[in-house]
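Q: To be precise about what I am sending: the file is called run_38.txt and holds compact mmCIF, C-alpha atoms (C1' of nucleotides).
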# COMPACT_ATOMS: atom_id res chain seq x y z
CA MET D 1 -13.85 82.36 42.06
CA GLU D 2 -10.60 83.18 43.76
CA ARG D 3 -8.21 85.72 42.29
CA ASN D 4 -6.52 84.19 39.30
CA LEU D 5 -3.14 84.49 37.62
CA SER D 6 -4.03 86.98 34.93
CA LEU D 7 -5.65 89.33 37.44
CA ASN D 8 -2.82 89.00 39.94
CA LEU D 9 -0.16 89.63 37.33
CA HIS D 10 -2.00 92.64 36.00
CA VAL D 11 -2.46 94.16 39.45
CA LEU D 12 1.08 93.36 40.58
CA VAL D 13 2.54 95.20 37.62
CA ALA D 14 0.08 98.08 37.91
CA ARG D 15 1.25 98.64 41.46
CA LEU D 16 4.93 98.21 40.74
CA ASP D 17 4.64 100.70 37.90
CA ARG D 18 2.85 103.19 40.06
CA ALA D 19 5.38 102.84 42.87
CA GLY D 20 8.21 103.28 40.38
CA ASP D 21 6.52 106.25 38.84
CA ARG D 22 6.14 107.99 42.19
CA ILE D 23 9.78 107.52 43.09
CA LEU D 24 11.03 108.74 39.73
CA ARG D 25 8.74 111.75 39.69
CA THR D 26 9.56 112.95 43.15
CA GLU D 27 13.27 112.17 43.10
CA HIS D 28 14.21 112.63 39.47
CA ASN D 29 11.36 114.51 37.82
CA ILE D 30 10.67 111.96 35.08
CA SER D 31 7.91 109.43 34.49
CA TYR D 32 8.45 105.69 34.55
CA SER D 33 7.42 105.29 30.90
CA ARG D 34 9.96 107.83 29.80
CA PHE D 35 12.62 106.24 31.93
CA LEU D 36 11.95 102.83 30.37
CA ALA D 37 12.19 104.26 26.87
CA LEU D 38 15.49 105.96 27.64
CA THR D 39 16.82 102.80 29.25
CA LEU D 40 16.12 100.73 26.16
CA VAL D 41 17.84 103.23 23.92
CA GLY D 42 20.76 103.74 26.25
CA GLU D 43 21.44 100.33 27.67
CA LEU D 44 20.09 97.94 25.12
CA GLY D 45 21.16 99.80 22.03
CA VAL D 46 17.67 100.09 20.57
CA SER D 47 17.95 102.48 17.67
CA THR D 48 14.71 102.82 15.72
CA GLN D 49 11.21 103.70 16.84
CA ARG D 50 9.86 100.44 15.55
CA ALA D 51 12.40 98.47 17.61
CA LEU D 52 11.69 100.62 20.65
CA ALA D 53 7.98 99.92 20.34
CA ASP D 54 8.66 96.19 20.28
CA GLY D 55 11.03 96.44 23.21
CA LEU D 56 8.56 98.36 25.33
CA GLY D 57 5.57 96.27 24.30
CA VAL D 58 3.69 99.30 22.93
CA THR D 59 2.63 100.46 19.48
CA GLU D 60 4.43 102.70 17.02
CA PRO D 61 2.20 105.74 17.52
CA SER D 62 2.93 105.68 21.24
CA VAL D 63 6.64 105.71 20.58
CA SER D 64 6.31 108.36 17.91
CA ARG D 65 4.80 110.78 20.41
CA MET D 66 7.10 109.76 23.24
CA ALA D 67 10.22 110.25 21.10
CA ALA D 68 9.06 113.72 20.16
CA VAL D 69 8.51 114.61 23.82
CA LEU D 70 11.87 113.23 24.93
CA ALA D 71 13.60 115.08 22.13
CA THR D 72 11.93 118.32 23.23
CA GLU D 73 13.09 117.68 26.78
CA GLY D 74 16.63 117.32 25.53
CA LEU D 75 17.06 113.71 26.63
CA LEU D 76 16.89 111.95 23.28
CA ASP D 77 18.41 112.65 19.92
CA VAL D 78 16.22 111.73 16.93
CA GLN D 79 17.76 111.88 13.47
CA PRO D 80 16.83 110.55 10.04
CA ASP D 81 18.79 107.36 9.48
CA PRO D 82 21.77 108.24 7.28
CA ALA D 83 21.56 104.75 5.79
CA GLY D 84 18.27 105.79 4.19
CA GLY D 85 14.72 104.50 4.48
CA ASN D 86 11.94 106.14 6.42
CA ARG D 87 13.67 105.59 9.74
CA ARG D 88 14.79 107.62 12.71
CA GLN D 89 18.02 106.88 14.42
CA LEU D 90 17.67 107.16 18.18
CA SER D 91 20.40 107.95 20.69
CA LEU D 92 20.68 109.53 24.12
CA THR D 93 21.91 113.06 24.59
CA ASP D 94 24.54 113.57 27.26
CA GLU D 95 21.82 114.59 29.67
CA GLY D 96 19.87 111.45 28.83
CA LYS D 97 22.93 109.28 29.34
CA GLN D 98 23.60 110.81 32.71
CA LEU D 99 20.03 110.25 33.85
CA VAL D 100 19.90 106.60 32.81
CA ALA D 101 23.30 105.86 34.29
CA SER D 102 22.36 107.29 37.67
CA LEU D 103 19.14 105.26 37.86
CA ARG D 104 20.33 102.11 36.16
CA GLN D 105 20.51 99.88 39.19
CA GLU D 106 18.35 101.69 41.69
CA PHE D 107 15.20 100.14 40.38
CA GLU D 108 16.24 96.60 39.96
CA GLU D 109 17.63 96.67 43.48
CA LYS D 110 14.37 97.91 44.95
CA LEU D 111 12.45 95.17 43.18
CA ALA D 112 15.02 92.58 44.23
CA ALA D 113 14.56 93.67 47.83
CA LEU D 114 10.80 93.19 47.56
CA VAL D 115 11.24 89.77 46.00
CA ALA D 116 13.67 88.75 48.73
CA HIS D 117 11.28 90.01 51.38
CA SER D 118 8.48 87.90 49.94
CA GLY D 119 10.52 84.73 49.97
CA VAL D 120 10.04 84.13 46.26
CA PRO D 121 13.23 82.79 44.61
CA TYR D 122 14.41 85.63 42.39
CA ALA D 123 16.31 83.69 39.77
CA GLU D 124 13.52 81.29 39.17
CA PHE D 125 10.79 83.89 38.95
CA ALA D 126 12.90 86.02 36.62
CA GLU D 127 13.56 83.04 34.41
CA HIS D 128 9.88 82.12 34.27
CA THR D 129 8.95 85.67 33.37
CA GLU D 130 11.53 85.79 30.63
CA ARG D 131 10.41 82.47 29.24
CA LEU D 132 6.77 83.55 29.16
CA LEU D 133 7.68 86.75 27.37
CA ALA D 134 9.74 84.89 24.80
CA THR D 135 6.90 82.44 24.21
CA LEU D 136 4.30 85.19 23.84
CA ASP D 137 6.62 86.90 21.42
CA ARG D 138 6.94 83.79 19.34
CA VAL D 139 3.22 83.08 19.34
CA GLU D 140 2.44 86.63 18.28
CA ARG D 141 5.00 86.60 15.52
CA GLU D 142 3.68 83.32 14.18
CA SER D 143 0.07 84.45 14.17
CA THR D 144 0.76 87.53 12.02
CA LYS D 145 2.88 85.59 9.61
CA MET C 1 22.82 95.46 30.51
CA GLU C 2 20.55 92.59 29.72
CA ARG C 3 16.80 92.94 30.05
CA ASN C 4 15.92 92.79 33.70
CA LEU C 5 12.99 91.54 35.74
CA SER C 6 11.12 94.79 36.18
CA LEU C 7 11.26 95.51 32.46
CA ASN C 8 10.30 91.98 31.47
CA LEU C 9 7.38 91.89 33.88
CA HIS C 10 6.15 95.25 32.68
CA VAL C 11 6.36 94.28 29.03
CA LEU C 12 4.86 90.83 29.56
CA VAL C 13 1.81 92.31 31.22
CA ALA C 14 1.52 95.13 28.70
CA ARG C 15 1.32 92.56 25.93
CA LEU C 16 -1.02 90.22 27.74
CA ASP C 17 -3.34 93.12 28.45
CA ARG C 18 -3.27 94.23 24.86
CA ALA C 19 -3.93 90.72 23.60
CA GLY C 20 -6.83 90.38 26.04
CA ASP C 21 -8.19 93.73 25.07
CA ARG C 22 -8.20 92.85 21.38
CA ILE C 23 -10.07 89.61 21.95
CA LEU C 24 -12.66 91.20 24.19
CA ARG C 25 -13.23 94.14 21.91
CA THR C 26 -13.66 92.12 18.75
CA GLU C 27 -15.60 89.22 20.23
CA HIS C 28 -17.54 90.85 23.04
CA ASN C 29 -17.40 94.59 22.47
CA ILE C 30 -15.94 95.51 25.84
CA SER C 31 -12.50 96.65 27.00
CA TYR C 32 -10.25 94.57 29.22
CA SER C 33 -10.30 97.19 32.02
CA ARG C 34 -14.06 97.17 32.11
CA PHE C 35 -14.13 93.41 32.10
CA LEU C 36 -11.76 93.26 35.07
CA ALA C 37 -13.86 95.73 37.03
CA LEU C 38 -17.03 93.76 36.37
CA THR C 39 -15.28 90.52 37.29
CA LEU C 40 -14.23 91.84 40.67
CA VAL C 41 -17.72 93.03 41.44
CA GLY C 42 -19.38 89.91 40.16
CA GLU C 43 -17.08 87.12 41.18
CA LEU C 44 -15.21 88.46 44.16
CA GLY C 45 -18.07 90.30 45.78
CA VAL C 46 -16.35 93.67 45.80
CA SER C 47 -18.98 96.18 46.75
CA THR C 48 -17.60 99.70 47.18
CA GLN C 49 -15.59 101.87 44.83
CA ARG C 50 -12.76 102.11 47.33
CA ALA C 51 -12.52 98.31 47.55
CA LEU C 52 -12.71 98.01 43.78
CA ALA C 53 -9.82 100.45 43.40
CA ASP C 54 -7.72 98.35 45.76
CA GLY C 55 -8.68 95.16 44.00
CA LEU C 56 -7.77 96.51 40.60
CA GLY C 57 -4.62 98.25 41.77
CA VAL C 58 -5.83 101.65 40.55
CA THR C 59 -6.86 104.89 42.26
CA GLU C 60 -10.28 106.04 43.38
CA PRO C 61 -10.76 108.64 40.65
CA SER C 62 -10.19 105.98 38.01
CA VAL C 63 -12.87 103.80 39.53
CA SER C 64 -15.21 106.71 39.98
CA ARG C 65 -15.23 107.41 36.27
CA MET C 66 -15.26 103.74 35.29
CA ALA C 67 -18.26 103.03 37.53
CA ALA C 68 -20.15 105.90 35.95
CA VAL C 69 -19.41 104.58 32.48
CA LEU C 70 -20.39 101.01 33.32
CA ALA C 71 -23.60 102.23 34.91
CA THR C 72 -24.43 104.19 31.76
CA GLU C 73 -23.79 101.07 29.68
CA GLY C 74 -26.25 99.17 31.84
CA LEU C 75 -23.72 96.67 33.16
CA LEU C 76 -23.29 97.90 36.71
CA ASP C 77 -25.72 99.07 39.35
CA VAL C 78 -24.45 101.89 41.58
CA GLN C 79 -26.52 102.86 44.60
CA PRO C 80 -25.92 104.89 47.76
CA ASP C 81 -25.14 102.46 50.57
CA PRO C 82 -28.36 102.04 52.61
CA ALA C 83 -26.20 101.52 55.71
CA GLY C 84 -25.13 105.17 55.46
CA GLY C 85 -21.80 106.87 54.93
CA ASN C 86 -20.59 108.42 51.71
CA ARG C 87 -20.47 105.11 49.93
CA ARG C 88 -21.80 103.52 46.81
CA GLN C 89 -22.97 99.97 46.76
CA LEU C 90 -21.90 98.17 43.60
CA SER C 91 -23.57 95.20 41.96
CA LEU C 92 -23.91 93.74 38.49
CA THR C 93 -27.04 94.19 36.44
CA ASP C 94 -28.44 91.07 34.81
CA GLU C 95 -26.67 92.05 31.63
CA GLY C 96 -23.42 92.47 33.55
CA LYS C 97 -23.81 89.09 35.21
CA GLN C 98 -24.40 87.41 31.90
CA LEU C 99 -21.31 88.97 30.36
CA VAL C 100 -19.01 88.04 33.20
CA ALA C 101 -20.37 84.52 33.42
CA SER C 102 -19.82 83.90 29.73
CA LEU C 103 -16.21 85.08 29.84
CA ARG C 104 -15.26 83.83 33.28
CA GLN C 105 -12.99 81.01 32.26
CA GLU C 106 -12.13 81.88 28.70
CA PHE C 107 -9.29 84.15 29.73
CA GLU C 108 -7.65 82.10 32.35
CA GLU C 109 -7.67 79.17 29.98
CA LYS C 110 -5.96 81.13 27.23
CA LEU C 111 -3.26 82.25 29.65
CA ALA C 112 -2.89 78.75 31.01
CA ALA C 113 -2.35 77.50 27.46
CA LEU C 114 0.41 80.04 26.93
CA VAL C 115 2.05 79.09 30.20
CA ALA C 116 1.90 75.43 29.32
CA HIS C 117 3.34 76.15 25.89
CA SER C 118 6.28 77.97 27.47
CA GLY C 119 7.11 75.13 29.80
CA VAL C 120 6.83 77.31 32.90
CA PRO C 121 5.19 75.43 35.80
CA TYR C 122 1.83 77.14 36.21
CA ALA C 123 1.20 76.46 39.87
CA GLU C 124 4.57 77.68 40.95
CA PHE C 125 4.51 80.83 38.88
CA ALA C 126 1.00 81.64 40.07
CA GLU C 127 2.00 81.14 43.65
CA HIS C 128 5.06 83.36 43.28
CA THR C 129 2.97 86.08 41.70
CA GLU C 130 0.42 85.90 44.46
CA ARG C 131 3.09 86.02 47.12
CA LEU C 132 4.74 89.06 45.57
CA LEU C 133 1.44 90.84 45.38
CA ALA C 134 0.65 90.06 49.00
CA THR C 135 4.07 91.28 50.07
CA LEU C 136 3.80 94.50 48.10
CA ASP C 137 0.40 95.02 49.64
CA ARG C 138 1.79 94.62 53.12
CA VAL C 139 4.76 96.89 52.49
CA GLU C 140 2.52 99.60 51.07
CA ARG C 141 0.09 99.38 53.93
CA GLU C 142 2.86 99.61 56.48
CA SER C 143 4.48 102.60 54.86
CA THR C 144 1.28 104.71 54.94
CA LYS C 145 0.56 103.76 58.53
C1' DA Z 1 10.29 106.10 -15.91
C1' DA Z 2 5.97 104.31 -13.88
C1' DT Z 3 3.62 101.34 -10.79
C1' DG Z 4 2.89 99.21 -6.80
C1' DC Z 5 4.70 96.68 -2.39
C1' DT Z 6 6.46 96.97 2.18
C1' DA Z 7 8.27 98.99 6.29
C1' DA Z 8 8.49 102.95 9.24
C1' DG Z 9 6.60 106.88 10.95
C1' DT Z 10 2.74 110.44 11.83
C1' DT Z 11 -1.89 112.33 12.83
C1' DA Z 12 -6.41 112.35 14.90
C1' DG Z 13 -9.28 111.13 18.31
C1' DC Z 14 -10.69 108.24 22.06
C1' DA Z 15 -9.98 105.42 26.65
C1' DT Z 16 -8.17 105.22 30.95
C1' DG Z 17 -4.22 105.78 34.02
C1' DC Z 18 -2.60 109.57 37.46
C1' DT Z 19 -2.30 113.74 40.94
C1' DA Z 20 -4.25 117.66 43.26
C1' DA Z 21 -7.93 119.66 45.14
C1' DG Z 22 -12.73 119.87 46.40
C1' DT Z 23 -17.26 117.65 48.34
C1' DT Z 24 -20.18 114.73 51.28
C1' DA Z 25 -21.41 111.88 55.26
C1' DT Z 26 -20.45 110.22 59.84
C1' DG Z 27 -18.89 110.45 64.34
C1' DG Z 28 -16.26 112.15 68.39
C1' DG Z 29 -14.84 115.68 71.50
C1' DA Z 30 -14.75 120.81 73.32
C1' DT F 1 -24.36 122.40 69.63
C1' DC F 2 -20.31 123.28 66.92
C1' DC F 3 -16.01 122.04 65.04
C1' DC F 4 -12.90 118.96 63.31
C1' DA F 5 -11.03 114.49 61.71
C1' DT F 6 -11.58 110.75 58.59
C1' DA F 7 -13.16 108.02 54.82
C1' DA F 8 -15.32 107.75 50.40
C1' DC F 9 -16.23 109.91 46.40
C1' DT F 10 -16.00 113.53 42.52
C1' DT F 11 -13.97 117.01 39.38
C1' DA F 12 -10.44 118.96 36.49
C1' DG F 13 -6.73 118.48 33.76
C1' DC F 14 -2.73 116.07 32.12
C1' DA F 15 0.04 111.75 30.40
C1' DT F 16 0.17 107.97 27.70
C1' DG F 17 -2.01 103.72 26.00
C1' DC F 18 -4.77 102.29 21.71
C1' DT F 19 -6.89 101.88 16.67
C1' DA F 20 -7.67 103.63 12.06
C1' DA F 21 -6.12 106.00 8.45
C1' DC F 22 -2.56 108.52 6.14
C1' DT F 23 2.31 109.74 4.51
C1' DT F 24 7.08 108.85 3.30
C1' DA F 25 11.07 106.32 1.49
C1' DG F 26 13.21 102.66 -0.73
C1' DC F 27 12.97 98.71 -3.81
C1' DA F 28 11.50 95.51 -7.37
C1' DT F 29 9.13 94.62 -11.58
C1' DT F 30 7.72 95.99 -15.91
Kindly transcribe the structure held in the file into structure tokens.

A:
Amino acid sequence: MERNLSLNLHVLVARLDRAGDRILRTEHNISYSRFLALTLVGELGVSTQRALADGLGVTEPSVSRMAAVLATEGLLDVQPDPAGGNRRQLSLTDEGKQLVASLRQEFEEKLAALVAHSGVPYAEFAEHTERLLATLDRVERESTK
Amino acid sequence: MERNLSLNLHVLVARLDRAGDRILRTEHNISYSRFLALTLVGELGVSTQRALADGLGVTEPSVSRMAAVLATEGLLDVQPDPAGGNRRQLSLTDEGKQLVASLRQEFEEKLAALVAHSGVPYAEFAEHTERLLATLDRVERESTK
DNA sequence: AATGCTAAGTTAGCATGCTAAGTTATGGGA
DNA sequence: TCCCATAACTTAGCATGCTAACTTAGCATT
């Protein structure tokens, strides 16, 4: 059996994540997971833990702990939702905003450089990835319904 | 900022891994990570821990612990390499072989179904993924040299 | 008001990534 | 022979995924 798609995808992402993690840790003293969480809150306007979990592709308990850590670090503000319900309203602190803003493009550019170097057409690959994610999303939502 | 490629790739794989893990755990009582490790040893002929780490995209300590666990479970045989050196020779036990053989295609087929459902051309996406992985591999090898 | 449903969040405990640092085996000079 | 370099592996401890089970808050029905 030659290496197949699921294995290659898994390994590709594992390595990209690790490379990203190394850069962020050495240059900016933050992990890749934390950076992704802050990015979603800051740039995509995600504002509850439940929504953040969906956006990151992880479970609620993971986000619950992560939010607590980021709040302790002074990067994230977590408040009971004034509109009521058992919700937390998430937003970046000034420090969090500054961090996300300064790293916003750095990553995508590094990945774009790798893609260009490999000869893979960026737009097409990005579109395929997005389409797969949307489909998986739909399938998962339908199966729990 | 709209969702970008690195985030989408990360989340897509996180969800695929979780979906795979759930299926394997409920139907076959094994985790996805362990299944991948066994697959590489069984189907791709990987035979040292160092090579397995490279194949999986993880570090040596991760494999060291995983190999010990799989050996304890009776799925993997770990022996000092008779050719000498501080190496372990890895091979599947009969039980391990049986497990991998029975699951070999199940996964790739499920993913292929998802890809088909999304309308993304499988062959092209698989080729792009493989090319990116190969390029990343090359870049990483050159930078440590 | 009391009951029970649903959604969101938390807690506990385990699995498996990682880095840093140490160990073991081999081989090549001084 | 002794020392050192290198590669493979292990150990220790932390970070962050997960599931299962529990708690909290609002709402709807009676």

Q: Using only C-alpha atoms (C1' of nucleotides), find which residues of chain Z lie within 12 Å of chain D and jot them down as a ChimeraX atom specification.

A: /Z:6-12,17-19

Q: Could you tell me which residues of chain D sit within 8 Å of chain C when counting only C-alpha atoms, and give me the result as a ChimeraX atom specification?

A: /D:1-15,17,36,43-44,55-58,107-108,111,114-115,117-118,120,125-126,128-133,135-136

Q: Go through chain F residue by residue and, counting only C-alpha atoms (C1' of nucleotides), keep those with an atom at most 8 Å from chain C; for each kept residue give the shortest atom pair and its distance in Å to one decimal, ordered by chain and increasing number, as CSV.

A:
residue,atom,partner,partner_atom,distance
F:DA8,C1',C:Asn86,CA,5.5
F:DC9,C1',C:Asn86,CA,7.0
F:DT10,C1',C:Ser64,CA,7.3

Q: Can you tell me which residues surround F:DT30 at a distance of at most 12 Å, considering all atoms listed in the file, apart from same-chain residues fewer than 3 positions away, and format the answer as a PyMOL selection string?

A: chain Z and resi 1-4

Q: What lies within 12 Å of F:DA5 using only C-alpha atoms (C1' of nucleotides), ignoring chain neighbours under 2 positions off, as a short mmCIF file (atom, residue, chain, number, x, y, z; two decimals) with C-alpha atoms (C1' of nucleotides), keeping the file's coordinate frame?

A:
data_model
loop_
_atom_site.label_atom_id
_atom_site.label_comp_id
_atom_site.auth_asym_id
_atom_site.auth_seq_id
_atom_site.Cartn_x
_atom_site.Cartn_y
_atom_site.Cartn_z
"C1'" DT Z 26 -20.45 110.22 59.84
"C1'" DG Z 27 -18.89 110.45 64.34
"C1'" DG Z 28 -16.26 112.15 68.39
"C1'" DG Z 29 -14.84 115.68 71.50
"C1'" DC F 3 -16.01 122.04 65.04
"C1'" DA F 7 -13.16 108.02 54.82
#

Q: Once you add 6 Å to each side, what are the centre and edge lengths of the axis-aligned box holding all listed atoms of stretch 45-50 of chain C? One decimal in Å, as JSON, if you can.

A:
{"center_x": -15.9, "center_y": 96.2, "center_z": 46.1, "size_x": 18.2, "size_y": 23.8, "size_z": 14.5}

Q: Which polymer residues have any atom within 9 Å of an atom of F:DT16, counting all atoms listed in the file, with same-chain residues fewer than 4 positions away left out, as a list in words?

A: Ser33, Ser62 and Met66 of chain D; DG17 of chain Z

Q: Considering all atoms listed in the file, return as an NGL selection string whatever protein or nucleic-acid residues lie within 12 Å of Z:DG13, sequence-local ones (same chain, fewer than 3 positions apart) excluded.

A: :F and (18-21)

Q: Between atom CA of D:Ala51 and atom C1' of F:DT23, what is the distance, to one decimal in Å?

A: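 Taking atom CA of D:Ala51 and atom C1' of F:DT23, their separation equals 20.0 Å.
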
Q: Since fewer atoms than expected are present, regenerate N, CA and C atoms for stretch 11-33 of chain D and write them as a tab-separated table (two decimals), in the coordinates of the input.

A:
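The resulting file, rebuild37.tsv, is reproduced below:
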chain	number	residue	atom	x	y	z
D	11	VAL	N	-2.44	93.25	38.29
D	11	VAL	CA	-2.46	94.16	39.45
D	11	VAL	C	-1.06	94.34	40.03
D	12	LEU	N	-0.30	93.25	40.08
D	12	LEU	CA	1.08	93.36	40.58
D	12	LEU	C	1.86	94.39	39.77
D	13	VAL	N	1.78	94.28	38.47
D	13	VAL	CA	2.54	95.20	37.62
D	13	VAL	C	1.98	96.61	37.70
D	14	ALA	N	0.67	96.74	37.77
D	14	ALA	CA	0.08	98.08	37.91
D	14	ALA	C	0.64	98.77	39.14
D	15	ARG	N	0.75	98.03	40.23
D	15	ARG	CA	1.25	98.64	41.46
D	15	ARG	C	2.73	98.92	41.42
D	16	LEU	N	3.49	97.98	40.86
D	16	LEU	CA	4.93	98.21	40.74
D	16	LEU	C	5.19	99.44	39.88
D	17	ASP	N	4.46	99.55	38.78
D	17	ASP	CA	4.64	100.70	37.90
D	17	ASP	C	4.32	101.99	38.62
D	18	ARG	N	3.24	101.98	39.36
D	18	ARG	CA	2.85	103.19	40.06
D	18	ARG	C	3.87	103.57	41.11
D	19	ALA	N	4.36	102.56	41.85
D	19	ALA	CA	5.38	102.84	42.87
D	19	ALA	C	6.63	103.41	42.20
D	20	GLY	N	7.04	102.80	41.10
D	20	GLY	CA	8.21	103.28	40.38
D	20	GLY	C	8.01	104.70	39.89
D	21	ASP	N	6.84	104.94	39.36
D	21	ASP	CA	6.52	106.25	38.84
D	21	ASP	C	6.62	107.32	39.93
D	22	ARG	N	6.10	107.02	41.08
D	22	ARG	CA	6.14	107.99	42.19
D	22	ARG	C	7.56	108.34	42.56
D	23	ILE	N	8.38	107.29	42.70
D	23	ILE	CA	9.78	107.52	43.09
D	23	ILE	C	10.49	108.39	42.05
D	24	LEU	N	10.34	108.00	40.78
D	24	LEU	CA	11.03	108.74	39.73
D	24	LEU	C	10.55	110.18	39.63
D	25	ARG	N	9.26	110.39	39.79
D	25	ARG	CA	8.74	111.75	39.69
D	25	ARG	C	9.21	112.64	40.82
D	26	THR	N	9.18	112.10	42.02
D	26	THR	CA	9.56	112.95	43.15
D	26	THR	C	11.08	113.14	43.21
D	27	GLU	N	11.83	112.07	42.93
D	27	GLU	CA	13.27	112.17	43.10
D	27	GLU	C	14.03	112.60	41.86
D	28	HIS	N	13.44	112.34	40.69
D	28	HIS	CA	14.21	112.63	39.47
D	28	HIS	C	13.41	113.35	38.41
D	29	ASN	N	12.17	113.69	38.72
D	29	ASN	CA	11.36	114.51	37.82
D	29	ASN	C	11.17	113.92	36.42
D	30	ILE	N	10.91	112.62	36.37
D	30	ILE	CA	10.67	111.96	35.08
D	30	ILE	C	9.67	110.84	35.32
D	31	SER	N	8.88	110.51	34.30
D	31	SER	CA	7.91	109.43	34.49
D	31	SER	C	8.56	108.07	34.24
D	32	TYR	N	7.91	107.04	34.71
D	32	TYR	CA	8.45	105.69	34.55
D	32	TYR	C	8.48	105.29	33.08
D	33	SER	N	7.44	105.63	32.33
D	33	SER	CA	7.42	105.29	30.90
D	33	SER	C	8.61	105.90	30.17
